[in-house]
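Content type compact mmCIF, C-alpha atoms, from the file input28.txt:
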```txt
# COMPACT_ATOMS: atom_id res chain seq x y z
CA MET S 1 59.33 167.34 -186.77
CA THR S 2 58.53 170.93 -185.99
CA GLY S 3 56.93 172.91 -183.25
CA PRO S 4 56.47 176.47 -182.07
CA GLY S 5 59.62 178.23 -181.12
CA ASP S 6 62.03 181.04 -181.74
CA ARG S 7 64.40 180.17 -184.56
CA SER S 8 66.71 183.06 -183.75
CA GLY S 9 70.44 182.46 -183.42
CA THR S 10 73.81 183.67 -184.56
CA ASP S 11 74.75 183.85 -188.21
CA ALA S 12 76.61 180.98 -189.82
CA GLY S 13 79.95 182.65 -189.32
CA GLN S 14 79.36 183.29 -185.63
CA GLY S 15 78.87 179.71 -184.48
CA ALA S 16 75.94 177.83 -182.95
CA ALA S 17 73.38 179.61 -180.83
CA ALA S 18 72.10 178.39 -177.51
CA PRO S 19 68.78 176.54 -177.67
CA SER S 20 65.78 178.82 -177.93
CA GLY S 21 62.24 177.48 -177.82
CA GLY S 22 63.44 173.98 -178.64
CA PHE S 23 65.56 174.93 -181.67
CA ARG S 24 69.30 175.34 -182.21
CA LYS S 25 71.11 176.98 -185.10
CA GLY S 26 74.49 175.71 -186.25
CA ALA S 27 76.35 172.51 -185.56
CA PHE S 28 78.71 170.90 -183.06
CA GLY S 29 78.22 173.53 -180.35
CA VAL S 30 80.78 175.90 -181.87
CA SER S 31 80.64 179.39 -180.35
CA GLY S 32 82.87 182.44 -180.43
CA SER S 33 84.62 181.41 -183.66
CA GLY S 34 83.80 180.61 -187.26
CA ASP S 35 81.94 177.38 -187.97
CA THR S 36 84.01 175.70 -190.67
CA SER S 37 81.78 172.62 -190.79
CA GLY S 38 79.50 174.02 -193.50
CA PHE S 39 76.48 173.46 -191.23
CA GLY S 40 76.41 176.94 -189.70
CA GLY S 41 72.96 177.68 -191.12
CA LEU S 42 71.41 174.43 -189.94
CA VAL S 43 68.32 174.83 -187.75
CA ARG S 44 67.42 171.69 -185.84
CA VAL S 45 64.95 170.64 -183.20
CA GLU S 46 66.65 169.77 -179.94
CA PRO S 47 65.80 166.28 -178.60
CA GLY S 48 64.30 167.69 -175.42
CA GLY S 49 62.07 169.98 -177.41
CA ALA S 50 61.09 167.23 -179.80
CA VAL S 51 59.36 165.19 -177.12
CA ALA S 52 57.74 168.07 -175.29
CA LEU S 53 56.62 170.62 -177.85
CA HIS S 54 53.44 169.18 -179.29
CA SER S 55 51.10 166.25 -179.87
CA THR S 56 50.14 165.15 -183.36
CA ASP S 57 46.51 165.61 -184.34
CA ARG S 58 44.48 162.84 -185.91
CA PRO S 59 44.32 161.36 -188.47
CA TYR S 60 47.80 159.97 -187.92
CA GLY S 61 47.98 158.19 -191.28
CA GLY S 62 48.80 154.65 -192.34
CA TYR S 63 48.00 151.91 -189.87
CA PHE S 64 48.53 154.25 -186.90
CA ASP S 65 44.84 155.14 -186.73
CA GLU S 66 43.84 151.47 -186.85
CA VAL S 67 46.19 150.70 -183.95
CA THR S 68 44.91 153.66 -181.94
CA ASP S 69 41.25 152.75 -182.52
CA ALA S 70 41.92 149.12 -181.59
CA LEU S 71 43.74 150.20 -178.41
CA ILE S 72 40.85 152.47 -177.42
CA GLU S 73 38.40 149.61 -177.96
CA ALA S 74 40.59 147.21 -175.98
CA VAL S 75 41.07 149.37 -172.86
CA GLY S 76 38.08 151.71 -173.10
CA GLN S 77 37.99 155.39 -173.96
CA ALA S 78 38.26 156.55 -170.34
CA THR S 79 41.35 154.42 -169.66
CA TYR S 80 42.94 155.46 -172.96
CA ASP S 81 42.41 159.15 -172.18
CA ALA S 82 43.98 158.68 -168.75
CA ALA S 83 46.83 156.49 -169.99
CA VAL S 84 47.96 158.21 -173.20
CA GLN S 85 49.22 161.70 -172.45
CA ARG S 86 50.12 162.58 -176.03
CA VAL S 87 50.89 160.96 -179.38
CA LEU S 88 53.74 161.98 -181.67
CA VAL S 89 54.03 160.95 -185.33
CA ASP S 90 57.36 161.78 -186.94
CA ARG S 91 59.40 160.33 -189.81
CA GLY S 92 56.88 157.55 -190.37
CA GLU S 93 56.93 156.40 -186.74
CA ILE S 94 54.40 156.76 -183.94
CA THR S 95 55.11 157.21 -180.24
CA TYR S 96 52.51 156.94 -177.47
CA PHE S 97 53.50 158.78 -174.30
CA VAL S 98 51.98 156.66 -171.54
CA ALA S 99 51.45 157.50 -167.86
CA ARG S 100 53.36 154.95 -165.79
CA GLU S 101 50.27 154.13 -163.70
CA HIS S 102 48.62 152.67 -166.81
CA LEU S 103 51.64 151.10 -168.50
CA SER S 104 50.83 147.53 -167.45
CA THR S 105 47.25 147.80 -168.72
CA VAL S 106 48.37 149.25 -172.05
CA VAL S 107 51.08 146.66 -172.79
CA GLN S 108 48.80 143.79 -171.80
CA ALA S 109 46.18 145.01 -174.29
CA LEU S 110 48.77 145.63 -176.99
CA ARG S 111 50.05 142.07 -176.70
CA ASP S 112 46.80 140.15 -176.20
CA ASP S 113 44.09 141.95 -178.18
CA GLU S 114 43.37 140.18 -181.48
CA ALA S 115 43.33 143.47 -183.40
CA LEU S 116 46.72 144.53 -182.00
CA ARG S 117 48.97 141.50 -181.37
CA PHE S 118 52.20 143.30 -180.51
CA GLU S 119 53.86 140.08 -179.45
CA LEU S 120 57.48 141.27 -179.27
CA CYS S 121 59.15 143.93 -177.16
CA SER S 122 62.42 144.30 -179.05
CA SER S 123 63.96 147.03 -176.93
CA VAL S 124 63.68 148.90 -173.64
CA SER S 125 66.05 151.83 -173.27
CA GLY S 126 66.52 155.03 -171.32
CA VAL S 127 66.97 158.69 -172.26
CA ASP S 128 68.02 161.63 -170.10
CA TYR S 129 66.84 164.95 -171.55
CA GLU S 130 68.60 167.11 -168.99
CA GLY S 131 70.40 169.96 -170.75
CA SER S 132 69.43 168.75 -174.22
CA GLY S 133 67.56 171.88 -175.27
CA GLY S 134 63.91 172.66 -175.69
CA PRO S 135 61.57 173.37 -172.79
CA ALA S 136 63.20 173.06 -169.40
CA THR S 137 62.74 169.77 -167.56
CA THR S 138 60.18 170.25 -164.79
CA PRO S 139 57.90 167.92 -162.80
CA GLY S 140 55.46 168.32 -165.69
CA ARG S 141 58.18 167.49 -168.21
CA PRO S 142 60.41 164.93 -166.47
CA ARG S 143 63.93 164.42 -167.78
CA LEU S 144 64.13 160.60 -167.55
CA HIS S 145 62.29 158.65 -170.25
CA VAL S 146 61.91 154.91 -170.77
CA VAL S 147 61.35 153.90 -174.39
CA TYR S 148 59.71 150.63 -175.50
CA HIS S 149 59.80 149.38 -179.10
CA LEU S 150 56.99 146.93 -179.83
CA THR S 151 56.53 144.79 -182.93
CA SER S 152 53.47 142.97 -184.20
CA MET S 153 54.73 139.96 -186.12
CA THR S 154 51.14 139.09 -186.97
CA TYR S 155 50.39 142.40 -188.70
CA ARG S 156 53.99 143.51 -189.46
CA ARG S 157 53.64 146.75 -187.53
CA ARG S 158 55.88 148.71 -185.17
CA ILE S 159 55.05 151.28 -182.49
CA ARG S 160 56.89 153.00 -179.68
CA LEU S 161 55.81 153.68 -176.10
CA GLU S 162 57.50 156.26 -173.90
CA VAL S 163 57.15 156.75 -170.14
CA ALA S 164 58.60 159.81 -168.37
CA VAL S 165 59.61 159.98 -164.69
CA THR S 166 61.47 162.39 -162.45
CA VAL S 167 64.89 161.79 -160.93
CA GLU S 168 63.30 162.13 -157.50
CA ASP S 169 60.74 159.38 -158.20
CA PRO S 170 62.21 157.19 -160.98
CA HIS S 171 59.81 154.26 -160.62
CA VAL S 172 58.18 152.45 -163.57
CA PRO S 173 56.29 149.13 -163.50
CA SER S 174 58.26 146.26 -164.98
CA VAL S 175 56.81 144.74 -168.16
CA THR S 176 58.68 141.44 -167.79
CA SER S 177 55.49 139.58 -166.90
CA VAL S 178 54.08 140.54 -170.32
CA TYR S 179 57.32 140.69 -172.30
CA PRO S 180 60.04 138.40 -170.83
CA THR S 181 62.52 139.83 -173.36
CA ALA S 182 62.48 143.08 -171.36
CA ASP S 183 64.35 141.45 -168.44
CA TRP S 184 67.94 142.36 -169.27
CA HIS S 185 66.88 145.56 -171.05
CA GLU S 186 65.29 146.85 -167.86
CA ARG S 187 68.40 145.88 -165.90
CA GLU S 188 70.57 147.90 -168.28
CA THR S 189 68.25 150.91 -168.09
CA TRP S 190 68.40 150.72 -164.29
CA ASP S 191 72.19 150.39 -164.40
CA MET S 192 72.80 153.29 -166.82
CA PHE S 193 69.94 155.68 -165.93
CA GLY S 194 68.75 154.71 -162.46
CA VAL S 195 65.15 153.94 -163.42
CA VAL S 196 63.68 151.50 -160.91
CA PHE S 197 61.44 148.87 -162.50
CA ASP S 198 58.99 147.79 -159.82
CA GLY S 199 58.18 144.09 -159.98
CA HIS S 200 61.31 143.07 -161.90
CA PRO S 201 62.39 139.57 -160.81
CA ALA S 202 66.06 140.51 -160.23
CA LEU S 203 66.84 144.19 -160.78
CA THR S 204 70.62 144.22 -160.49
CA ARG S 205 73.37 145.95 -162.45
CA ILE S 206 74.31 144.32 -165.73
CA LEU S 207 77.27 146.40 -166.99
CA MET S 208 78.76 148.13 -163.96
CA PRO S 209 79.96 146.42 -160.75
CA ASP S 210 77.30 145.89 -158.12
CA ASP S 211 78.88 148.44 -155.79
CA TRP S 212 79.22 151.15 -158.45
CA ASP S 213 78.10 154.62 -157.35
CA GLY S 214 75.76 156.44 -159.76
CA HIS S 215 74.35 155.82 -163.22
CA PRO S 216 76.84 156.61 -166.01
CA GLN S 217 74.46 157.67 -168.81
CA ARG S 218 72.69 160.35 -166.81
CA LYS S 219 73.63 163.79 -168.14
CA ASP S 220 74.81 164.98 -164.73
CA TYR S 221 77.18 162.03 -164.25
CA PRO S 222 80.81 163.28 -164.17
CA LEU S 223 82.94 162.35 -167.16
CA GLY S 224 86.05 161.83 -165.08
CA GLY S 225 89.22 160.57 -166.68
CA VAL S 226 92.98 160.95 -166.24
CA PRO S 227 95.54 163.01 -168.19
CA VAL S 228 97.30 161.17 -171.02
CA GLU S 229 100.85 161.96 -172.13
CA TYR S 230 101.57 161.45 -175.81
CA HIS S 231 104.61 162.69 -177.78
CA ASP S 232 105.53 165.29 -175.17
CA ALA S 233 101.94 166.60 -175.07
CA THR S 234 99.46 166.16 -172.24
CA ILE S 235 95.85 165.50 -173.18
CA PRO S 236 93.54 166.61 -170.36
CA PRO S 237 90.75 164.33 -169.12
CA PRO S 238 87.30 164.81 -170.69
CA ASP S 239 85.81 166.67 -167.74
CA THR S 240 88.37 169.48 -168.12
CA ARG S 241 88.15 169.93 -171.91
CA ARG S 242 85.90 172.36 -173.77
CA SER S 243 82.22 171.62 -173.50
CA TYR S 244 80.66 170.17 -176.63
CA ARG S 245 76.89 170.64 -176.80
```
Represent the structure from my file as structure tokens, please.
Amino acid sequence: MTGPGDRSGTDAGQGAAAPSGGFRKGAFGVSGSGDTSGFGGLVRVEPGGAVALHSTDRPYGGYFDEVTDALIEAVGQATYDAAVQRVLVDRGEITYFVAREHLSTVVQALRDDEALRFELCSSVSGVDYEGSGGPATTPGRPRLHVVYHLTSMTYRRRIRLEVAVTVEDPHVPSVTSVYPTADWHERETWDMFGVVFDGHPALTRILMPDDWDGHPQRKDYPLGGVPVEYHDATIPPPDTRRSYR
């Protein structure tokens, strides 16, 4: 997966460079010292840049074009254009980035249309792209993403949907009425990332206590911890150690 960007960075012996244009050179966030990992010359796309840099042009290849054409026919071209913000094909997988206002319409068509038949939602999960490199998170590129993995058991096909929301307005329609398997998955995404699934039958925490403050898998959530004494040495808590990027 590639995209436009500046591939500049420090040399292998100088450690990893800060993200530039969605790319990072080096490994493990090493800076100011030699990178002994052997990956000093590695250039990789940062996750944040990967989702925001570009949209794949058609033809997508494989069955992806058939699925896209069937989805357009099922919901109509105007609705598809409004619903699907971009499409990304990478490593043999396709992701449709869907506007949350049209999510319910899209998943209903994906499940029920005879040419699509994505009967199973196998996973709903969250991602926080804050500080992960690539273009800065802005209202136009929100940091919180909800990812849906759908499977057609009829046609043996898999696709991914992704919905992005801001921290200030983290609301997404629940898909439990279409995919009951999403129930606990949405609860976990709410618990860990703070995404509110409107219409969920019982949106409560599933891992943390009900009175827990915050959402632990957000990037700005404090690591916390306590010092640990071991063999006359004191290991500081994670939030006071060096910062790994």
field: Spatial sel., origin (42.0, 142.1, -178.9), limit 12 Å, all atoms listed in the file, listed as a VMD selection string
entry: chain S and resid 67 69 to 76 106 to 118
Put the listed atoms of range 94-110 of chain S in a box along x, y and z with 3 Å added on every side and give me the centre and edge lengths in Å to one decimal, as lines of an AutoDock Vina configuration file.
```
center_x = 50.6
center_y = 151.3
center_z = -173.8
size_x = 14.9
size_y = 21.0
size_z = 26.2
```
At a cut-off of 12 Å, can you tabulate as a tab-separated table every residue of range 64-95 of chain S near range 156-165 of chain S together with its closest atom pair and the distance in Å to one decimal, using all atoms listed in the file and ordering rows by chain then number?
```
residue	atom	partner	partner_atom	distance
S:Phe64	CA	S:Ile159	CA	8.4
S:Asp65	CA	S:Ile159	CA	11.7
S:Glu66	CA	S:Arg157	CA	10.9
S:Val67	CA	S:Ile159	CA	9.0
S:Thr68	CA	S:Ile159	CA	10.4
S:Ala83	CA	S:Val163	CA	10.3
S:Val84	CA	S:Leu161	CA	9.5
S:Gln85	CA	S:Val163	CA	9.6
S:Arg86	CA	S:Glu162	CA	9.9
S:Val87	CA	S:Leu161	CA	9.4
S:Leu88	CA	S:Arg160	CA	9.7
S:Val89	CA	S:Ile159	CA	10.1
S:Asp90	CA	S:Arg160	CA	11.4
S:Gly92	CA	S:Ile159	CA	10.2
S:Glu93	CA	S:Ile159	CA	6.9
S:Ile94	CA	S:Ile159	CA	5.7
S:Thr95	CA	S:Arg160	CA	4.6
```
May I have the residues within 8 Å of Asp183 in chain S as a compact mmCIF listing (two decimals) with C-alpha atoms, in the frame of the given file, using all atoms listed in the file and disregarding those fewer than 4 positions away in the same chain?
```txt
# COMPACT_ATOMS: atom_id res chain seq x y z
CA THR S 176 58.68 141.44 -167.79
CA ARG S 187 68.40 145.88 -165.90
CA HIS S 200 61.31 143.07 -161.90
```
query: In terms of the shortest atom-to-atom distance over all atoms listed in the file, which of S:Phe197, S:Thr79, S:Leu144, S:His102 is closest to Gly131 in chain S?
result: S:Leu144
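When CA of Leu120 in chain S is paired with CA of Arg205 in chain S, their separation reads 23.6 Å.
You can rank S:Arg100, S:Arg91, S:Arg143, S:His171 by their closest distance to Lys219 in chain S using only C-alpha atoms, and at the top of that list sits S:Arg143.
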- request: Could you check how far CA of Val98 in chain S sits from CA of Thr166 in chain S, in Å to one decimal?
  value: 14.3 Å
- prompt: Which one is closest to Glu130 in chain S: S:Val172, S:Phe193, S:Arg58, S:Tyr230? Count all atoms listed in the file.
  reply: S:Phe193
statement: CA of Thr204 in chain S sits from CA of Thr189 in chain S at a separation of 10.4 Å
- prompt: Which is closer to Trp190 in chain S than all the others in S:Ser104, S:Ser177, S:Thr56, S:Ser125, using all atoms listed in the file?
  reply: S:Ser125
- prompt: Out of S:Tyr60, S:Tyr221, S:Tyr80, S:Phe97, which residue has the shortest atom-to-atom distance to Val147 in chain S when counting all atoms listed in the file?
  reply: S:Phe97
